[in-house]
Structure formats: C-alpha cells, structure tokens
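Engineer: Pasting model32.cif here (mmCIF, C-alpha atoms):
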```cif
data_structure
loop_
_atom_site.label_atom_id
_atom_site.label_comp_id
_atom_site.auth_asym_id
_atom_site.auth_seq_id
_atom_site.Cartn_x
_atom_site.Cartn_y
_atom_site.Cartn_z
CA MET A 670 2.76 -13.23 -29.44
CA THR A 671 1.49 -9.73 -29.99
CA PRO A 672 3.73 -6.82 -29.06
CA SER A 673 1.24 -5.64 -26.43
CA ALA A 674 1.21 -9.10 -24.81
CA GLN A 675 4.99 -9.12 -24.79
CA ILE A 676 5.06 -5.70 -23.12
CA VAL A 677 2.58 -6.81 -20.44
CA LEU A 678 4.64 -9.94 -19.68
CA MET A 679 7.86 -7.89 -19.54
CA MET A 680 6.37 -5.26 -17.24
CA ALA A 681 4.89 -7.94 -14.96
CA VAL A 682 8.17 -9.84 -14.59
CA LEU A 683 10.05 -6.60 -13.99
CA ALA A 684 7.56 -5.68 -11.26
CA LEU A 685 8.01 -9.13 -9.68
CA VAL A 686 11.80 -9.16 -9.63
CA THR A 687 12.02 -5.50 -8.58
CA ALA A 688 9.67 -6.05 -5.65
CA ALA A 689 11.61 -9.17 -4.65
CA ALA A 690 14.94 -7.33 -4.90
CA VAL A 691 13.74 -4.46 -2.72
CA ILE A 692 12.27 -6.79 -0.10
CA ASP A 693 15.34 -9.06 -0.16
CA TRP A 694 17.64 -6.03 0.17
CA ARG A 695 15.78 -4.87 3.27
CA SER A 696 15.00 -8.18 4.99
CA ARG A 697 17.21 -10.86 3.35
CA ARG A 698 14.06 -12.86 2.52
CA ILE A 699 11.75 -13.26 -0.43
CA PRO A 700 8.16 -13.80 0.72
CA ASN A 701 6.46 -16.96 -0.50
CA LEU A 702 3.27 -14.96 -1.07
CA LEU A 703 5.08 -12.70 -3.55
CA VAL A 704 6.57 -15.62 -5.45
CA LEU A 705 3.32 -17.62 -5.45
CA GLY A 706 1.38 -14.57 -6.63
CA GLY A 707 3.96 -14.11 -9.39
CA MET A 708 3.61 -17.72 -10.45
CA LEU A 709 -0.18 -17.55 -10.61
CA ALA A 710 -0.11 -14.24 -12.49
CA GLY A 711 2.50 -15.56 -14.91
CA PHE A 712 0.53 -18.69 -15.73
CA ALA A 713 -2.68 -16.67 -16.10
CA LEU A 714 -1.05 -14.13 -18.41
CA GLN A 715 0.72 -16.78 -20.49
CA ALA A 716 -2.48 -18.82 -20.86
CA GLY A 717 -4.60 -15.73 -21.57
CA PHE A 718 -2.27 -14.31 -24.21
CA ASN A 719 -0.93 -17.50 -25.80
CA GLY A 720 -3.26 -20.38 -24.86
CA LEU A 721 -1.70 -23.83 -24.64
CA ASP A 722 1.53 -22.59 -26.21
CA GLY A 723 1.77 -20.03 -23.41
CA VAL A 724 1.22 -22.68 -20.75
CA GLN A 725 3.94 -24.82 -22.32
CA ALA A 726 6.32 -21.85 -22.44
CA ALA A 727 5.49 -21.04 -18.81
CA LEU A 728 6.15 -24.62 -17.69
CA GLY A 729 9.41 -24.74 -19.63
CA GLY A 730 10.57 -21.42 -18.20
CA TRP A 731 9.57 -22.47 -14.68
CA ALA A 732 11.45 -25.78 -14.93
CA LEU A 733 14.56 -24.18 -16.39
CA GLY A 734 14.59 -21.35 -13.83
CA PHE A 735 14.30 -23.91 -11.06
CA ALA A 736 17.00 -26.16 -12.57
CA LEU A 737 19.47 -23.29 -12.97
CA LEU A 738 19.46 -22.23 -9.31
CA ILE A 739 18.73 -25.47 -7.43
CA PRO A 740 22.43 -26.53 -7.49
CA GLY A 741 23.33 -23.27 -5.72
CA TYR A 742 20.69 -24.01 -3.11
CA ALA A 743 21.98 -27.57 -2.68
CA LEU A 744 25.48 -26.15 -2.09
CA GLY A 745 24.18 -23.58 0.39
CA GLN A 746 25.06 -20.62 -1.83
CA THR A 747 21.52 -19.39 -2.52
CA GLY A 748 18.28 -19.52 -0.59
CA ALA A 749 15.08 -21.35 -1.44
CA GLY A 750 13.41 -18.00 -2.14
CA ASP A 751 16.02 -17.28 -4.81
CA VAL A 752 15.25 -20.59 -6.54
CA LYS A 753 11.51 -19.95 -6.37
CA LEU A 754 11.95 -16.40 -7.67
CA MET A 755 14.00 -17.52 -10.68
CA ALA A 756 11.44 -20.24 -11.44
CA SER A 757 8.62 -17.71 -11.12
CA ALA A 758 10.36 -15.26 -13.44
CA GLY A 759 10.82 -18.10 -15.90
CA ILE A 760 7.06 -18.46 -16.18
CA PHE A 761 6.87 -14.97 -17.68
CA LEU A 762 10.04 -15.31 -19.77
CA GLY A 763 9.72 -18.74 -21.37
CA PRO A 764 12.64 -21.16 -21.70
CA ALA A 765 14.99 -19.28 -24.05
CA THR A 766 14.92 -15.97 -22.17
CA THR A 767 14.98 -17.79 -18.82
CA LEU A 768 18.25 -19.44 -19.84
CA VAL A 769 19.77 -16.03 -20.56
CA ALA A 770 18.28 -14.53 -17.37
CA GLY A 771 19.49 -17.44 -15.23
CA VAL A 772 23.03 -17.46 -16.59
CA SER A 773 23.17 -13.65 -16.37
CA SER A 774 21.95 -13.80 -12.76
CA ILE A 775 24.60 -16.35 -11.88
CA LEU A 776 27.31 -14.21 -13.49
CA VAL A 777 26.08 -11.05 -11.75
CA GLY A 778 25.97 -12.95 -8.44
CA ALA A 779 29.52 -14.22 -8.98
CA LEU A 780 30.72 -10.70 -9.75
CA VAL A 781 29.06 -9.33 -6.60
CA ALA A 782 30.61 -12.15 -4.53
CA LEU A 783 34.04 -11.37 -6.00
CA LEU A 784 33.63 -7.68 -5.24
CA ILE A 785 32.58 -8.51 -1.68
CA ALA A 786 35.64 -10.75 -1.30
CA LEU A 787 37.94 -8.05 -2.61
CA PHE A 788 36.45 -4.94 -1.02
CA GLY A 789 33.97 -6.05 1.65
CA ARG A 790 34.29 -5.19 5.30
CA GLY A 791 35.34 -8.01 7.54
CA ALA A 792 38.25 -10.40 7.89
CA ASN A 793 40.16 -11.20 4.72
CA PRO A 794 39.28 -14.59 3.16
CA TRP A 795 42.51 -14.98 1.18
CA ARG A 796 44.47 -16.71 3.97
CA ARG A 797 41.74 -19.36 4.21
CA TYR A 798 41.79 -19.77 0.42
CA GLY A 799 45.58 -20.15 0.53
CA ASN A 800 45.28 -22.86 3.18
CA MET A 801 42.78 -24.75 1.00
CA LEU A 802 45.12 -24.45 -2.00
CA ARG A 803 48.13 -25.66 0.03
CA CYS A 804 46.13 -28.67 1.19
CA LEU A 805 45.17 -29.48 -2.40
CA LEU A 806 48.76 -29.19 -3.61
CA ALA A 807 50.21 -31.18 -0.71
CA THR A 808 47.66 -34.00 -0.58
CA GLY A 809 45.97 -33.92 -3.98
CA LYS A 810 42.63 -33.70 -2.19
CA ALA A 811 40.38 -30.66 -2.01
CA ALA A 812 39.44 -29.50 1.47
CA TYR A 813 36.85 -26.89 2.30
CA LEU A 814 37.46 -24.61 5.24
CA PRO A 815 34.28 -22.69 6.12
CA PRO A 816 34.57 -18.95 6.68
CA HIS A 817 34.96 -17.66 10.20
CA ALA A 818 32.12 -15.64 11.73
CA GLY A 819 33.87 -12.30 11.19
CA GLU A 820 35.09 -13.08 7.69
CA VAL A 821 33.70 -11.14 4.75
CA MET A 822 32.70 -14.37 2.96
CA ALA A 823 30.45 -15.33 5.87
CA LEU A 824 28.27 -12.37 4.91
CA SER A 825 25.26 -12.85 2.68
CA PHE A 826 23.92 -10.56 0.04
CA PRO A 827 20.41 -10.27 -1.37
CA TYR A 828 20.59 -12.55 -4.39
CA ALA A 829 17.23 -11.30 -5.68
CA VAL A 830 19.17 -8.20 -6.77
CA ALA A 831 21.33 -10.41 -9.02
CA ILE A 832 18.20 -12.14 -10.34
CA ALA A 833 16.61 -8.77 -11.11
CA ALA A 834 19.76 -7.60 -12.90
CA GLY A 835 19.99 -10.85 -14.86
CA THR A 836 16.34 -10.57 -15.85
CA VAL A 837 16.82 -7.00 -17.07
CA LEU A 838 19.84 -8.11 -19.12
CA ALA A 839 17.84 -11.00 -20.59
CA LEU A 840 14.94 -8.75 -21.52
CA TYR A 841 17.35 -6.32 -23.16
CA TRP A 842 18.90 -9.24 -25.06
CA SER A 843 15.47 -10.48 -26.16
CA LEU A 844 14.64 -7.06 -27.64
CA MET A 845 17.84 -6.92 -29.69
#
```
Show the structure stored in the file as structure tokens.

Structural biologist:
Amino acid sequence: MTPSAQIVLMMAVLALVTAAAVIDWRSRRIPNLLVLGGMLAGFALQAGFNGLDGVQAALGGWALGFALLIPGYALGQTGAGDVKLMASAGIFLGPATTLVAGVSSILVGALVALLIALFGRGANPWRRYGNMLRCLLATGKAAYLPPHAGEVMALSFPYAVAIAAGTVLALYWSLM
C-alpha cells in the first residue's frame, strides 16, 4: 500500500470514530447512517487503493471488529452501535490493526468503567460486589445482583469514545 493510500485510510477512520464518539457522547447513540456510510466508504477506499487484496483486508477487519465486541453486546455491556462501529473501523484498518484497536478499546473501556466505579457519582457498588463474593464463597456458585437504579454502575458511558481511543492507539502502534 502506498503511503498516501495509508494516510487517506487513517484519516478516514479517524474521522469516522471521532464523529461517532462526539455523537455518542451527546446522545448515547451511534447513528446507523454514520456506520453504514463508514462501511461503504471503507470498502470503496480499500478496493480502490488495494484491489482484491484491499477487499479481503476489509472483510477480515470487519469480521474481527465484529467478533471482538459481539460478546460484550451479548452480555449487555455494549450497544449494537458499538459493535457496528468497531466492525466499520475494521474495514479501514485490516485484521492486524483491528485486533490491536479492538483489544485497546476493550482495555480503555474497562479502565473507564473502573474509574466510574471508583469515582462516579451515585450509590457505591462495592456492597453489592461484596454480597456477590459472599454468595460465591458460601455456596460455591456465582450469583449476579444487578445494580440498583441509583447506583453508579447502572450508568452508561459512550463506548464510542473508548473505540476512538483504541483506534488512535492502534494507528500509533501501526506507525511504530
């Protein structure tokens, strides 16, 4: 891939994840139109710059981005828009960089969740966690107690911000 093609793909994916992060921050949603437009643009750019190899890289990145975040969606920890955004970013990044971006996004998201648990406004979750641990130790079986409405862990945060941060980290890594 030529350096100019790589720059165009990097700038396009940064524009996509930045727009998604800003919109998600404000509305707690990622519009399907944004993600679909990103997917179409990514496939067009990959095919235009790299032909069949670009299409294969786009498909691999899409599948890996989807696979990395779909478990979080299945567990109710991320939204469908987050999964679609990571898959869309993967089209621009290709499989190797998508793996780094996805894992980085998950780690950034986990760090944000930990910071919210420690310093967020709302009821403290640690009593609930202690009750779950006592149940595990007493019975040997894990029990999940959902957060109460006023508890800090019942709050959501815009995960597109974590995806954007993970993508920036992955792009930095790919340039090293």

Engineer: Figure out the distance between atom CA of Ala727 of chain A and atom CA of Trp694 of chain A, please, to one decimal in Å.

Structural biologist: 27.1 Å

Engineer: Under the PyMOL selection byres ((chain A and resi 810-820) around 6), which residues of this model are included? Write them out as a PyMOL selection string.

Structural biologist: chain A and resi 791-792+801+805+808-809+821-823

Engineer: Compare A:Val830, A:Ala716, A:Ala839, A:Ala726 by their minimum atom-to-atom distance to Ile760 of chain A, counting only C-alpha atoms, and give me the closest one.

Structural biologist: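 Distance minimum relative to Ile760 of chain A lands on A:Ala726.
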
Engineer: Output the residue selection produced by the PyMOL selection byres ((chain A and resi 757) around 9) on the file above, formatted as a ChimeraX atom specification.

Structural biologist: /A:682,685,704-705,707-709,711,727,730-731,734-735,752-756,758-761

Engineer: Limited to C-alpha atoms, could you put the picked residues into a file as an mmCIF file, keeping the file's coordinate frame?

Structural biologist:
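Written out: again_12.cif:
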```cif
data_model
loop_
_atom_site.group_PDB
_atom_site.id
_atom_site.type_symbol
_atom_site.label_atom_id
_atom_site.label_comp_id
_atom_site.auth_asym_id
_atom_site.auth_seq_id
_atom_site.Cartn_x
_atom_site.Cartn_y
_atom_site.Cartn_z
ATOM 1 C CA VAL A 682 8.170 -9.840 -14.590
ATOM 2 C CA LEU A 685 8.010 -9.130 -9.680
ATOM 3 C CA VAL A 704 6.570 -15.620 -5.450
ATOM 4 C CA LEU A 705 3.320 -17.620 -5.450
ATOM 5 C CA GLY A 707 3.960 -14.110 -9.390
ATOM 6 C CA MET A 708 3.610 -17.720 -10.450
ATOM 7 C CA LEU A 709 -0.180 -17.550 -10.610
ATOM 8 C CA GLY A 711 2.500 -15.560 -14.910
ATOM 9 C CA ALA A 727 5.490 -21.040 -18.810
ATOM 10 C CA GLY A 730 10.570 -21.420 -18.200
ATOM 11 C CA TRP A 731 9.570 -22.470 -14.680
ATOM 12 C CA GLY A 734 14.590 -21.350 -13.830
ATOM 13 C CA PHE A 735 14.300 -23.910 -11.060
ATOM 14 C CA VAL A 752 15.250 -20.590 -6.540
ATOM 15 C CA LYS A 753 11.510 -19.950 -6.370
ATOM 16 C CA LEU A 754 11.950 -16.400 -7.670
ATOM 17 C CA MET A 755 14.000 -17.520 -10.680
ATOM 18 C CA ALA A 756 11.440 -20.240 -11.440
ATOM 19 C CA ALA A 758 10.360 -15.260 -13.440
ATOM 20 C CA GLY A 759 10.820 -18.100 -15.900
ATOM 21 C CA ILE A 760 7.060 -18.460 -16.180
ATOM 22 C CA PHE A 761 6.870 -14.970 -17.680
#
```

Engineer: Quick one, how far is atom CA of Ala736 of chain A from atom CA of Ala674 of chain A?

Structural biologist: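 Between these atoms lies a distance of 26.3 Å.
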
Engineer: Produce segment 712-806 of chain A of the given structure as output with C-alpha atoms, as an mmCIF file, in the first residue's frame.

Structural biologist:
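Contents of selection-v2.cif, as written:
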```cif
data_model
loop_
_atom_site.group_PDB
_atom_site.id
_atom_site.type_symbol
_atom_site.label_atom_id
_atom_site.label_comp_id
_atom_site.auth_asym_id
_atom_site.auth_seq_id
_atom_site.Cartn_x
_atom_site.Cartn_y
_atom_site.Cartn_z
ATOM 1 C CA PHE A 712 -14.846 -0.844 1.245
ATOM 2 C CA ALA A 713 -14.630 1.673 -1.618
ATOM 3 C CA LEU A 714 -11.290 3.039 -0.411
ATOM 4 C CA GLN A 715 -9.830 -0.400 0.260
ATOM 5 C CA ALA A 716 -10.933 -1.686 -3.156
ATOM 6 C CA GLY A 717 -9.788 1.486 -4.933
ATOM 7 C CA PHE A 718 -6.348 1.558 -3.331
ATOM 8 C CA ASN A 719 -5.617 -2.158 -2.990
ATOM 9 C CA GLY A 720 -7.973 -4.062 -5.313
ATOM 10 C CA LEU A 721 -8.923 -7.582 -4.254
ATOM 11 C CA ASP A 722 -6.308 -7.589 -1.501
ATOM 12 C CA GLY A 723 -7.973 -4.475 -0.077
ATOM 13 C CA VAL A 724 -11.402 -6.102 -0.175
ATOM 14 C CA GLN A 725 -10.006 -9.148 1.620
ATOM 15 C CA ALA A 726 -8.345 -6.946 4.253
ATOM 16 C CA ALA A 727 -11.602 -5.001 4.667
ATOM 17 C CA LEU A 728 -13.637 -8.189 5.122
ATOM 18 C CA GLY A 729 -11.113 -9.574 7.604
ATOM 19 C CA GLY A 730 -11.058 -6.339 9.589
ATOM 20 C CA TRP A 731 -14.853 -6.128 9.553
ATOM 21 C CA ALA A 732 -15.251 -9.715 10.790
ATOM 22 C CA LEU A 733 -12.642 -9.318 13.511
ATOM 23 C CA GLY A 734 -14.051 -5.980 14.706
ATOM 24 C CA PHE A 735 -17.492 -7.553 14.900
ATOM 25 C CA ALA A 736 -16.189 -10.673 16.686
ATOM 26 C CA LEU A 737 -14.292 -8.660 19.298
ATOM 27 C CA LEU A 738 -17.291 -6.663 20.534
ATOM 28 C CA ILE A 739 -20.243 -9.013 19.953
ATOM 29 C CA PRO A 740 -19.638 -10.853 23.275
ATOM 30 C CA GLY A 741 -19.980 -7.525 25.115
ATOM 31 C CA TYR A 742 -23.244 -6.903 23.304
ATOM 32 C CA ALA A 743 -24.485 -10.404 24.157
ATOM 33 C CA LEU A 744 -23.712 -9.711 27.825
ATOM 34 C CA GLY A 745 -25.455 -6.332 27.704
ATOM 35 C CA GLN A 746 -22.249 -4.376 28.291
ATOM 36 C CA THR A 747 -22.069 -2.616 24.911
ATOM 37 C CA GLY A 748 -24.655 -1.480 22.419
ATOM 38 C CA ALA A 749 -25.256 -2.698 18.887
ATOM 39 C CA GLY A 750 -23.929 0.619 17.574
ATOM 40 C CA ASP A 751 -20.618 -0.030 19.326
ATOM 41 C CA VAL A 752 -20.303 -3.422 17.626
ATOM 42 C CA LYS A 753 -21.156 -1.935 14.235
ATOM 43 C CA LEU A 754 -18.699 0.933 14.756
ATOM 44 C CA MET A 755 -15.824 -1.407 15.627
ATOM 45 C CA ALA A 756 -16.634 -3.574 12.603
ATOM 46 C CA SER A 757 -16.786 -0.487 10.395
ATOM 47 C CA ALA A 758 -13.444 0.776 11.691
ATOM 48 C CA GLY A 759 -12.009 -2.662 10.984
ATOM 49 C CA ILE A 760 -12.781 -2.225 7.295
ATOM 50 C CA PHE A 761 -10.318 0.671 7.160
ATOM 51 C CA LEU A 762 -7.755 -0.934 9.477
ATOM 52 C CA GLY A 763 -7.487 -4.514 8.211
ATOM 53 C CA PRO A 764 -7.275 -7.522 10.535
ATOM 54 C CA ALA A 765 -3.944 -6.943 12.311
ATOM 55 C CA THR A 766 -4.593 -3.319 13.270
ATOM 56 C CA THR A 767 -8.234 -4.115 14.071
ATOM 57 C CA LEU A 768 -7.056 -6.668 16.623
ATOM 58 C CA VAL A 769 -4.910 -4.021 18.318
ATOM 59 C CA ALA A 770 -7.700 -1.417 18.083
ATOM 60 C CA GLY A 771 -10.309 -3.818 19.460
ATOM 61 C CA VAL A 772 -8.220 -5.009 22.388
ATOM 62 C CA SER A 773 -7.140 -1.422 23.114
ATOM 63 C CA SER A 774 -10.782 -0.297 23.025
ATOM 64 C CA ILE A 775 -11.783 -3.039 25.437
ATOM 65 C CA LEU A 776 -8.956 -2.091 27.814
ATOM 66 C CA VAL A 777 -9.813 1.623 27.615
ATOM 67 C CA GLY A 778 -13.478 0.778 28.236
ATOM 68 C CA ALA A 779 -12.546 -1.364 31.244
ATOM 69 C CA LEU A 780 -10.399 1.446 32.643
ATOM 70 C CA VAL A 781 -13.234 3.961 32.216
ATOM 71 C CA ALA A 782 -15.671 1.551 33.907
ATOM 72 C CA LEU A 783 -13.243 1.098 36.811
ATOM 73 C CA LEU A 784 -12.831 4.853 37.166
ATOM 74 C CA ILE A 785 -16.608 5.288 37.126
ATOM 75 C CA ALA A 786 -16.946 2.601 39.810
ATOM 76 C CA LEU A 787 -14.310 4.252 41.968
ATOM 77 C CA PHE A 788 -15.110 7.929 41.481
ATOM 78 C CA GLY A 789 -18.512 8.189 39.784
ATOM 79 C CA ARG A 790 -21.488 9.922 41.297
ATOM 80 C CA GLY A 791 -24.206 7.655 42.568
ATOM 81 C CA ALA A 792 -24.597 4.866 45.086
ATOM 82 C CA ASN A 793 -21.497 2.814 45.819
ATOM 83 C CA PRO A 794 -21.396 -0.587 44.050
ATOM 84 C CA TRP A 795 -18.935 -2.224 46.446
ATOM 85 C CA ARG A 796 -21.572 -3.517 48.889
ATOM 86 C CA ARG A 797 -23.313 -5.308 46.011
ATOM 87 C CA TYR A 798 -19.974 -6.745 44.867
ATOM 88 C CA GLY A 799 -19.285 -7.924 48.423
ATOM 89 C CA ASN A 800 -22.660 -9.668 48.553
ATOM 90 C CA MET A 801 -21.895 -11.469 45.280
ATOM 91 C CA LEU A 802 -18.490 -12.537 46.624
ATOM 92 C CA ARG A 803 -20.010 -13.791 49.912
ATOM 93 C CA CYS A 804 -22.537 -15.829 47.946
ATOM 94 C CA LEU A 805 -19.753 -17.358 45.848
ATOM 95 C CA LEU A 806 -17.681 -18.228 48.913
#
```
